[in-house]
Each structure stands twice: as C-alpha cells, then as structure tokens.
Amino acid sequence: MSDSPPFRCEVFPAGMIGVVSGAAQGEPLRPPPAVFAGDIYRLAPDAVPQVLALDTGADPAVVAPGAGLGQPGAPVASAGRLALMAPDGARVTLELLQVGEALLALPLSPMRPRLDYTLIATEDAPDDLRLSDLACASFVRGTRVALPGGALARIEDLHPGDRVLTRDNGAQPLRWLGRTVLRAEGALAPVEFAPGVLGNAAALRLNPYHRVFLYQRGAARLAGRAEILVQARFLVDGARVRRREGGFVEYLSLAFDAHEIVYAEGTPVESLLVSQAMASRLEPGMAAELRDRFPGLAQHPHVAAEPDAAPHLLRAGAMPPAPGQDD
C-alpha cells in the first residue's frame with residue numbers, strides 16, 4: 001500500500017445497468033467486445049451507488065483499506081470503456097472496473113435513472129484508468145483569477161457571491177470555494193507552467209488533473225478539435241512545464257452554477273465540474289457543503305470536455321501552441 005490518500009468514487013454493480021432495447025436486450029452491462037453499438041442502456045430505478053476507495057499510488061491501483069467494496073489490496077483492472085449518449089446529447093463515459101469477480105461501472109459524469117442512454121463507442125481495456133477525470137479542478141494558493149472588470153484577484157481572497165469572469169457566460173457569481181492541503185508528492189504534486197507558455201502572465205501552478213482550455217487554429221490540431229480541455233499532467237515536458245514536488249500544497253477549487261472556463265494568470269482553464277462522483281471523494285465536511293449548495297450535483301461538462309484530448313496524442317513530447325496562436 002502507498003501513502004497516498006485513497007481515491008473515493010461512486011460505482012454501480014454492472015447488474016444495475018441493463019440493455020432495454022437492441023441486440024442484447026434484457027442483458028446486464030458487459031465489457032467490450034460483448035456489447036453492440038446502438039443498444040440502449042438504462043440505470044435501474046432503485047440503483048444505489050456504492051463508494052469504492054482505491055489506492056492509486058500503487059501500480060497497478062488496488063483497493064484501499066476501508067473501501068467497503070472489495071478486499072484491501074485487491075488489484076483493480078480496466079475492463080473497458082463505454083461512451084453513451086442521452087436523448088439531449090449529453091455524453092456519459094462509463095469506466096468499467098474489474099475488482100476480483102465483480103464488474104463495476106464508474107460513470108465519469110452523472111447518469112440518471114429512467115433515462116435512456118445509447119451506446120455510441122467502446123474501447124477495449126485501455127491502459128490508463130480515467131479516474132483522474134473525477135479529480136477536483138484546483139489551483140495552487142496564490143493563483144490570480146480574472147474578475148469582470150479586468151482586475152486579478154488571488155484565489156484565496158475570493159468568497160461565494162464574488163463575480164468572476166468566464167469565457168462563455170461573462171461575469172458569473174462564485175457559488176463555492178473549496179480548500180485542501182496535501183503533500184506535494186508524486187501524482188499530487190502541482191504542475192507549473194512557466195510564464196508565457198500558454199499566454200500566462202506569471203507562473204501558473206495547477207493540480208495535475210486540472211484541465212487547461214486550448215483553442216487551436218489551423219489543420220494541426222490535437223484530437224482534431226478546435227477547442228479541447230487537456231489535463232495539465234499531459235503537458236509536462238520537463239523544461240517549460242514541470243512538476244513541483246516537495247513539502248505541502250494548498251489546492252483551492254472554484255464552482256459555479258455551470259461548468260465554466262475561467263482565466264487563471266490570463267490562461268483559460270476549467271472550473272470544478274460538480275457531480276456525485278466528484279463529491280464522493282471529498283472530505284465529509286466539504287462534500288456536505290457542496291451538496292447543500294448544489295442540490296442534485298449534476299452539472300454537464302463544458303462542450304470542450306468531451307472528448308478530452310487522448311493522452312497518447314500529448315505524450316509525444318510536443319507542446320501544443322498557446323491558446324489563440326496560429327499553428
């Protein structure tokens with residue numbers, strides 16, 4: 001077992017999600033390749049999510065002590081990935097986890113009962129578990145965030161009700177500010193962007209799983225999209241973008257009425273995506289406060305968040321151009 005804090009996420013037993021129409025009608029959720037595109041899935045109306053605690057500091061990830069599900073130390077393997085689409089066009093990615101004999105479904109964004117979800121894409125047992133997609137988008141203390149009038153405010157000086165400049169919806173009131181202090185080691189160490197790398201006026205330090213918004217012009221686009229959100233850890237090059245390990249780090253998260261793009265040191269980055277799965281891994285006091293402020297915990301991801309830039313496109317070593325620059 002590692003010394004990393006457990007990663008808590010909400011999962012459903014595969015039997016709680018079944019095919020209600022299509023080639024596999026009547027069958028429970030199964031991993032690829034035993035699934036069929038176009039089949040319609042539905043979450044059981046009495047389905048209750050269960051909390052799975054994982055030690056992601058281990059390689060591979062294992063069940064953490066006190067998990068509730070699974071035996072501590074049991075390996076956790078990816079059994080595949082399914083992309084589903086709701087009638088309103090919202091996408092839900094299901095990470096399938098094999099924990100012993102149990103197949104578990106981890107929705108990376110909210111999945112609602114009594115709603116039909118059409119299977120649109122599959123991926124066989126990917127090498128990387130996308131558990132990081134549930135991690136809180138968080139800034140290091142001291143980061144300056146843009147206000148509607150153009151001024152910059154240190155994130156720790158903000159309070160709920162303060163208005164913050166967003167890329168898509170102008171001035172928006174801050175609804176929640178979360179804080180946590182962690183050891184700046186390994187997967188939890190912040191990523192630092194040197195001044196100017198992404199148009200940032202000063203050094204920008206983010207949680208490694210915090211996603212940066214990139215706007216790409218021209219033909220050479222990561223993931224073939226003009227607008228994408230990329231986790232900071234995938235942009236580390238050891239020179240202009242580095243891990244900063246050592247000591248402790250205070251991370252602060254911003255949440256609004258919707259999943260927004262805000263400006264940190266002049267660089268567009270995401271706000272916290274509020275969901276049941278994300279709240280389940282917070283400290284109990286923080287989770288209770290978030291649930292109080294956001295009944296339902298069901299924000300839709302920003303349009304640039306799906307599909308996210310594939311990690312293998314970024315690991316080649318080439319940093320994408322700064323937002324707004326021509327290729």
# chains A, B, ... in the order shown; residues from 1 in each chain; ligands from 1
>>> select_by_dssp(residues="range 139-238 of chain A", states="helix (DSSP H, G or I)", output="ChimeraX atom specification")
/A:155-157,186-188,222-224,232-235
>>> write_last_selection(atoms="N, CA, C and O atoms", output="mmCIF file, in the first residue's frame")
data_model
loop_
_atom_site.group_PDB
_atom_site.id
_atom_site.type_symbol
_atom_site.label_atom_id
_atom_site.label_comp_id
_atom_site.auth_asym_id
_atom_site.auth_seq_id
_atom_site.Cartn_x
_atom_site.Cartn_y
_atom_site.Cartn_z
ATOM 1 N N ILE A 155 -6.847 33.720 -5.607
ATOM 2 C CA ILE A 155 -7.967 32.797 -5.433
ATOM 3 C C ILE A 155 -8.373 32.670 -3.974
ATOM 4 O O ILE A 155 -9.551 32.560 -3.653
ATOM 5 N N GLU A 156 -7.402 32.725 -3.054
ATOM 6 C CA GLU A 156 -7.730 32.573 -1.636
ATOM 7 C C GLU A 156 -8.480 33.770 -1.070
ATOM 8 O O GLU A 156 -9.049 33.690 0.027
ATOM 9 N N ASP A 157 -8.502 34.891 -1.823
ATOM 10 C CA ASP A 157 -9.221 36.083 -1.362
ATOM 11 C C ASP A 157 -10.662 36.134 -1.861
ATOM 12 O O ASP A 157 -11.412 37.048 -1.504
ATOM 13 N N GLY A 186 4.561 12.954 -5.884
ATOM 14 C CA GLY A 186 4.029 12.032 -6.871
ATOM 15 C C GLY A 186 2.889 12.603 -7.676
ATOM 16 O O GLY A 186 2.964 13.712 -8.210
ATOM 17 N N ALA A 187 1.786 11.824 -7.739
ATOM 18 C CA ALA A 187 0.644 12.212 -8.559
ATOM 19 C C ALA A 187 -0.074 13.448 -8.049
ATOM 20 O O ALA A 187 -0.879 14.036 -8.762
ATOM 21 N N LEU A 188 0.221 13.860 -6.808
ATOM 22 C CA LEU A 188 -0.458 15.020 -6.235
ATOM 23 C C LEU A 188 0.375 16.295 -6.320
ATOM 24 O O LEU A 188 -0.075 17.356 -5.913
ATOM 25 N N LEU A 222 -4.666 18.937 -31.952
ATOM 26 C CA LEU A 222 -4.748 17.776 -31.088
ATOM 27 C C LEU A 222 -6.181 17.265 -31.078
ATOM 28 O O LEU A 222 -7.124 18.031 -30.950
ATOM 29 N N ALA A 223 -6.336 15.949 -31.255
ATOM 30 C CA ALA A 223 -7.646 15.299 -31.235
ATOM 31 C C ALA A 223 -8.569 15.788 -32.349
ATOM 32 O O ALA A 223 -9.743 15.462 -32.362
ATOM 33 N N GLY A 224 -8.037 16.589 -33.303
ATOM 34 C CA GLY A 224 -8.827 17.057 -34.424
ATOM 35 C C GLY A 224 -9.897 18.053 -34.057
ATOM 36 O O GLY A 224 -10.857 18.244 -34.799
ATOM 37 N N ALA A 232 -3.359 19.080 -17.126
ATOM 38 C CA ALA A 232 -2.040 19.699 -17.022
ATOM 39 C C ALA A 232 -0.921 18.666 -17.054
ATOM 40 O O ALA A 232 0.145 18.900 -17.622
ATOM 41 N N ARG A 233 -1.130 17.497 -16.472
ATOM 42 C CA ARG A 233 -0.071 16.491 -16.386
ATOM 43 C C ARG A 233 0.376 16.010 -17.756
ATOM 44 O O ARG A 233 1.519 15.577 -17.921
ATOM 45 N N PHE A 234 -0.508 16.074 -18.753
ATOM 46 C CA PHE A 234 -0.142 15.607 -20.083
ATOM 47 C C PHE A 234 0.705 16.631 -20.843
ATOM 48 O O PHE A 234 1.218 16.334 -21.926
ATOM 49 N N LEU A 235 0.847 17.834 -20.297
ATOM 50 C CA LEU A 235 1.628 18.876 -20.958
ATOM 51 C C LEU A 235 3.030 19.023 -20.353
ATOM 52 O O LEU A 235 3.805 19.857 -20.805
#
>>> residues_around(residues="Arg144 in chain A", least_positions_apart="4", cutoff="10 Å", atoms="only C-alpha atoms", output="list in words")
Phe139, Val140, Ala151, Leu152, Ala153, Arg154, Ile155, Glu156, Asp157, Ala202, Leu204, Tyr263, Ala264, Glu265 and Gly266 of chain A
>>> closest_residue(among="A:Ala105, A:Leu115, A:Val92, A:Met286", to="Leu43 in chain A", atoms="only C-alpha atoms")
A:Leu115
>>> atom_distance(atom1="CA of Leu94 in chain A", atom2="CA of Ile17 in chain A")
10.7 Å
>>> closest_residue(among="A:Leu52, A:Ala146, A:Leu198, A:Thr267", to="Gly170 in chain A", atoms="only C-alpha atoms")
A:Ala146
>>> closest_residue(among="A:Val241, A:Leu103, A:Ala90, A:Val274", to="Ser78 in chain A", atoms="only C-alpha atoms")
A:Leu103
